[in-house]
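Notes to accompany the following structure.
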Amino acid sequence: QLAARPPLAASPGLTPATLRPAEARPALSVVVPAYNEQEVLPAFHARLTPVMEAIGLPWEVVYVNDGSRDRTLPIMEGLRAADPRVALVNLSRNFGKEIALTAGLDHATATEAVIVIDADLQDPPEVIPDLVAAWRGQGVDIAYAQRRVREGETWVKKATASAFYRVMQRIGGKVKLPPNTGDFRLMSRRALDALLSLREQHRFMKGLFAWVGFPSVAVLYDRAPRAAGETKWNYWKLWNLSLEGITSFTVAPLKVATYLGLATAVFASGYGLLIILRTMIWGNPVAGYPSLMAVVLFLGGVQLMTLGIIGEYLGRIFNETKGRPLYLVERHLPSEAPLQRHTT
Ligand code: UDP
Ligand code: MG
């Protein structure tokens with residue numbers, strides 16, 4: 001079994017979830033992507049287990065090893081050996097968080113709902129019962145955890161994050177991203193199935209969650225600083241993620257070219273008129289080298305920028321048309337035990 005799902009699957013493919021009879025599936029799946037998380041993973045599992053047990057529904061946790069270079073995989077194997085509610089998906093290499101998360105969601109067998117959470121304990125597992133309560137109590141499909149404060153983050157990160165959300169709100173059109181919300185959330189099975197039907201290569205998960213829609217509710221919580229290990233994000237990666245977010249959700253930047261061109265043309269014709277009048281009245285004693293240079297450079301800049309924007313979209317179209325699977329699974333060990341309620 002290589003690709004877990006066909007790319008751009010419109011068909012209800014043989015996913016791990018559909019392969020198993022409903023009685024053998026847990027009600028809740030917790031999906032945890034992890035890349036180089038050897039320091040926190042045992043602590044994470046130790047904190048998750050009592051929280052999930054207290055909810056009182058059959059559950060599993062799907063750990064996705066996203067090509068870690070440290071001991072994350074053996075740790076996961078150890079967790080699975082000790083606890084049959086653990087499922088393990090080992091990807092063939094590092095695919096990035098968004099795709100690792102998708103792989104986990106593909107392999108979640110829950111009948112009722114899935115919970116998406118980071119391995120680094122920044123999303124406290126103790127919030128999960130609140131998510132479950134909001135989902136069951138208010139009959140919504142999605143309960144997303146919204147940060148009250150961003151502890152342990154520099155003001156630069158907070159400022160850039162808030163600027164990004166503002167830009168996205170403006171240009172996102174009908175798809176609205178809730179601010180201060182990460183991937184930490186609970187999704188009903190039908191919302192998950194809807195999400196999994198979106199098989200695009202460029203996966204900006206926050207945007208995909210928002211695109212799917214369905215009734216949702218925010219659950220406020222305090223985001224903790226990373227428990228251990230290091231963040232996998234730097235500003236360059238965050239910048240790329242923002243580009244991903246913008247280009248996969250709106251074609252508005254393509255219009256920039258149109259309007260910049262229009263504005264320049266209007267400005268240029270006004271300026272041209274001015275020069276003609278000036279020459280007619282006072283003559284033209286010195287050739288206009290500075291103005292020429294200014295105009296050439298400005299237009300060159302605008303052209304390059306708009307070409308770049310078009311290139312961003314073109315590159316994404318190129319990647320989609322290749323129709324590759326989103327990820328490759330090296331090994332999948334499903335969860336077991338308390339689920340096997342044999343009827344014979
Ligand atoms: N992660 C992943 N693949 C990657 C990078 C990150 O699966 O290539 C996981 C990581 O192990 C963690 C989650 O995604 O569980 C969030 O990553 P991180 O904490 O580095 O991001 P931040 O919390 O700083 O946004
Ligand atoms: Mg983190």
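We label chains A, B, ... in the order they appear in the structure tokens, count residues from 1 in each chain, and number ligands from 1 in the order shown.
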
| query | Can you list, as a ChimeraX atom specification, every protein, DNA or RNA residue that comes within 10 Å of region 261-266 of chain A when you count only C-alpha atoms, leaving out same-chain residues fewer than 5 positions away? | reply | /A:255-256,271-272,295,298-299,302-303,306

Do you have, as CSV, the list of residues of chain A lying at most 9 Å from ligand 1, each with its nearest atom pair and that distance in Å to one decimal, counting only C-alpha atoms and all ligand atoms and ordered by chain then number?
```
residue,atom,partner,partner_atom_place_in_ligand_line,distance
A:Val32,CA,ligand 1,15 (O),6.3
A:Pro33,CA,ligand 1,7 (O),4.1
A:Ala34,CA,ligand 1,11 (O),3.2
A:Tyr35,CA,ligand 1,11 (O),3.9
A:Asn36,CA,ligand 1,11 (O),6.2
A:Glu37,CA,ligand 1,11 (O),5.6
A:Val64,CA,ligand 1,7 (O),7.1
A:Asn65,CA,ligand 1,7 (O),6.9
A:Asp66,CA,ligand 1,7 (O),5.1
A:Gly67,CA,ligand 1,3 (N),7.9
A:Ser68,CA,ligand 1,3 (N),8.1
A:Asn94,CA,ligand 1,8 (O),5.9
A:Phe95,CA,ligand 1,8 (O),6.1
A:Gly96,CA,ligand 1,8 (O),3.4
A:Lys97,CA,ligand 1,3 (N),3.6
A:Glu98,CA,ligand 1,3 (N),7.3
A:Ile99,CA,ligand 1,7 (O),8.0
A:Ala100,CA,ligand 1,7 (O),5.4
A:Leu101,CA,ligand 1,7 (O),6.9
A:Ile117,CA,ligand 1,15 (O),7.3
A:Asp118,CA,ligand 1,15 (O),3.8
A:Ala119,CA,ligand 1,15 (O),3.8
A:Asp120,CA,ligand 1,15 (O),5.3
A:Leu121,CA,ligand 1,15 (O),8.2
A:Gln122,CA,ligand 1,23 (O),6.5
A:Asp123,CA,ligand 1,23 (O),8.4
A:Gly182,CA,ligand 1,25 (O),7.9
A:Asp183,CA,ligand 1,16 (C),9.0
A:Pro225,CA,ligand 1,23 (O),8.6
A:Arg226,CA,ligand 1,19 (O),6.9
A:Gly229,CA,ligand 1,19 (O),8.6
A:Glu230,CA,ligand 1,20 (O),6.6
A:Thr231,CA,ligand 1,20 (O),3.6
A:Lys232,CA,ligand 1,20 (O),3.5
A:Trp233,CA,ligand 1,24 (O),5.4
A:Asn234,CA,ligand 1,24 (O),8.3
A:Leu238,CA,ligand 1,25 (O),8.8
```

Restricting it to C-alpha atoms, dump the selection as a compact mmCIF listing (two decimals), in the first residue's frame.
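Resulting contents of again.txt:
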```
# COMPACT_ATOMS: atom_id res chain seq x y z
CA VAL A 32 -1.04 14.27 15.74
CA PRO A 33 1.55 15.19 13.08
CA ALA A 34 5.08 15.08 14.46
CA TYR A 35 8.43 16.03 13.04
CA ASN A 36 11.47 15.67 15.32
CA GLU A 37 9.43 15.61 18.49
CA VAL A 64 2.03 10.67 11.91
CA ASN A 65 5.81 10.58 11.71
CA ASP A 66 6.65 13.19 9.11
CA GLY A 67 10.13 11.91 8.19
CA SER A 68 11.70 12.82 11.52
CA ASN A 94 9.28 14.89 5.48
CA PHE A 95 6.27 16.32 3.65
CA GLY A 96 5.57 19.29 5.90
CA LYS A 97 2.96 19.78 8.55
CA GLU A 98 -0.01 20.42 6.30
CA ILE A 99 0.44 17.19 4.37
CA ALA A 100 1.39 15.15 7.45
CA LEU A 101 -1.87 16.32 8.99
CA ILE A 117 -3.61 18.72 17.79
CA ASP A 118 0.12 19.56 17.69
CA ALA A 119 2.58 17.22 19.38
CA ASP A 120 4.53 19.99 21.10
CA LEU A 121 1.94 20.57 23.86
CA GLN A 122 1.32 24.12 22.66
CA ASP A 123 -2.25 23.00 22.15
CA GLY A 182 -4.54 27.27 14.44
CA ASP A 183 -5.24 23.74 13.36
CA PRO A 225 4.86 28.03 24.93
CA ARG A 226 6.44 24.95 23.34
CA GLY A 229 12.20 20.93 21.21
CA GLU A 230 12.25 23.71 18.67
CA THR A 231 9.67 25.34 16.46
CA LYS A 232 9.92 24.17 12.88
CA TRP A 233 8.87 27.58 11.66
CA ASN A 234 11.11 30.46 10.80
CA LEU A 238 5.92 31.68 7.64
```

| request: Fewer than 5 positions away in the same chain doesn't count, so skip those; otherwise give me all residues within 6 Å of Ala110 (chain A), counting only C-alpha atoms, as a VMD selection string. | output: chain A and resid 25 to 29

| request: List every residue of region 40-263 of chain A that DSSP, applied to the backbone of this structure, assigns to helix (DSSP H, G or I), and report them as an MDAnalysis selection string. | output: chainID A and resid 41:55 72:82 97:106 125:138 155:171 189:196 205:212 235:249 252:263

| said: With DSSP run on the backbone, what are the strand (DSSP E or B) residues within region 93-331 of chain A? I'd like them as a ChimeraX atom specification. | reply: /A:113-116,142-150,181-188,216-223,329-331

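Of the residues under consideration (A:Phe184, A:Trp282, A:Trp155, A:Phe164), A:Phe184 shows the shortest atom-to-atom contact distance to ligand 2 when counting only C-alpha atoms and all ligand atoms.
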
| request: Please identify all polymer residues within 12 Å of Pro124 (chain A), counting only C-alpha atoms, omitting same-chain residues fewer than 5 positions from it, and present them as a ChimeraX atom specification. | output: /A:43-45,47-48,51,116-119,129-131,145-147,184-185,220-227

Same residues, C-alpha atoms, output as a compact mmCIF listing (two decimals), in the first residue's frame:
```txt
# COMPACT_ATOMS: atom_id res chain seq x y z
CA ALA A 43 5.01 13.64 27.68
CA PHE A 44 2.34 14.41 25.11
CA HIS A 45 1.00 10.88 25.15
CA ARG A 47 -1.03 13.95 29.09
CA LEU A 48 -3.38 12.98 26.29
CA VAL A 51 -7.84 13.42 29.16
CA VAL A 116 -6.36 17.77 15.35
CA ILE A 117 -3.61 18.72 17.79
CA ASP A 118 0.12 19.56 17.69
CA ALA A 119 2.58 17.22 19.38
CA PRO A 129 -13.02 17.88 26.59
CA ASP A 130 -14.17 21.49 26.04
CA LEU A 131 -14.07 20.92 22.29
CA ALA A 145 -9.77 26.33 19.69
CA GLN A 146 -9.12 30.05 19.64
CA ARG A 147 -6.11 31.45 21.46
CA PHE A 184 -6.25 22.69 16.89
CA ARG A 185 -9.91 21.74 16.51
CA LEU A 220 -11.20 29.95 23.96
CA TYR A 221 -7.97 28.72 25.52
CA ASP A 222 -4.52 29.93 26.50
CA ARG A 223 -1.75 28.83 24.20
CA ALA A 224 1.30 27.61 26.09
CA PRO A 225 4.86 28.03 24.93
CA ARG A 226 6.44 24.95 23.34
CA ALA A 227 7.12 22.29 26.02
```

| query | Pick from A:Leu307, A:Ala82, A:Leu274, A:Val40: nearest to ligand 2, with only C-alpha atoms and all ligand atoms counted? | reply | A:Val40

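Using only C-alpha atoms, the shortest contact distance between Thr49 (chain A) and any of A:Gly78, A:Pro325, A:Gly301, A:Pro125 is found at A:Pro125.
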
| said: Please determine, counting only C-alpha atoms, which residue among A:Trp59, A:Phe214, A:Phe249, A:Tyr313 has the shortest atom-to-atom distance to Met168 (chain A). | reply: A:Phe249

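Counting only C-alpha atoms, the residue from A:Ala24, A:Ile246, A:Ala54, A:Leu198 that sits nearest to Ile309 (chain A) is A:Ile246.
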
| CA of Val329 (chain A) to CA of Leu41 (chain A), distance in Å rounded to a single decimal | 20.4 Å

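Note that CA of Val89 (chain A) and CA of Ala143 (chain A) are 25.0 Å apart.
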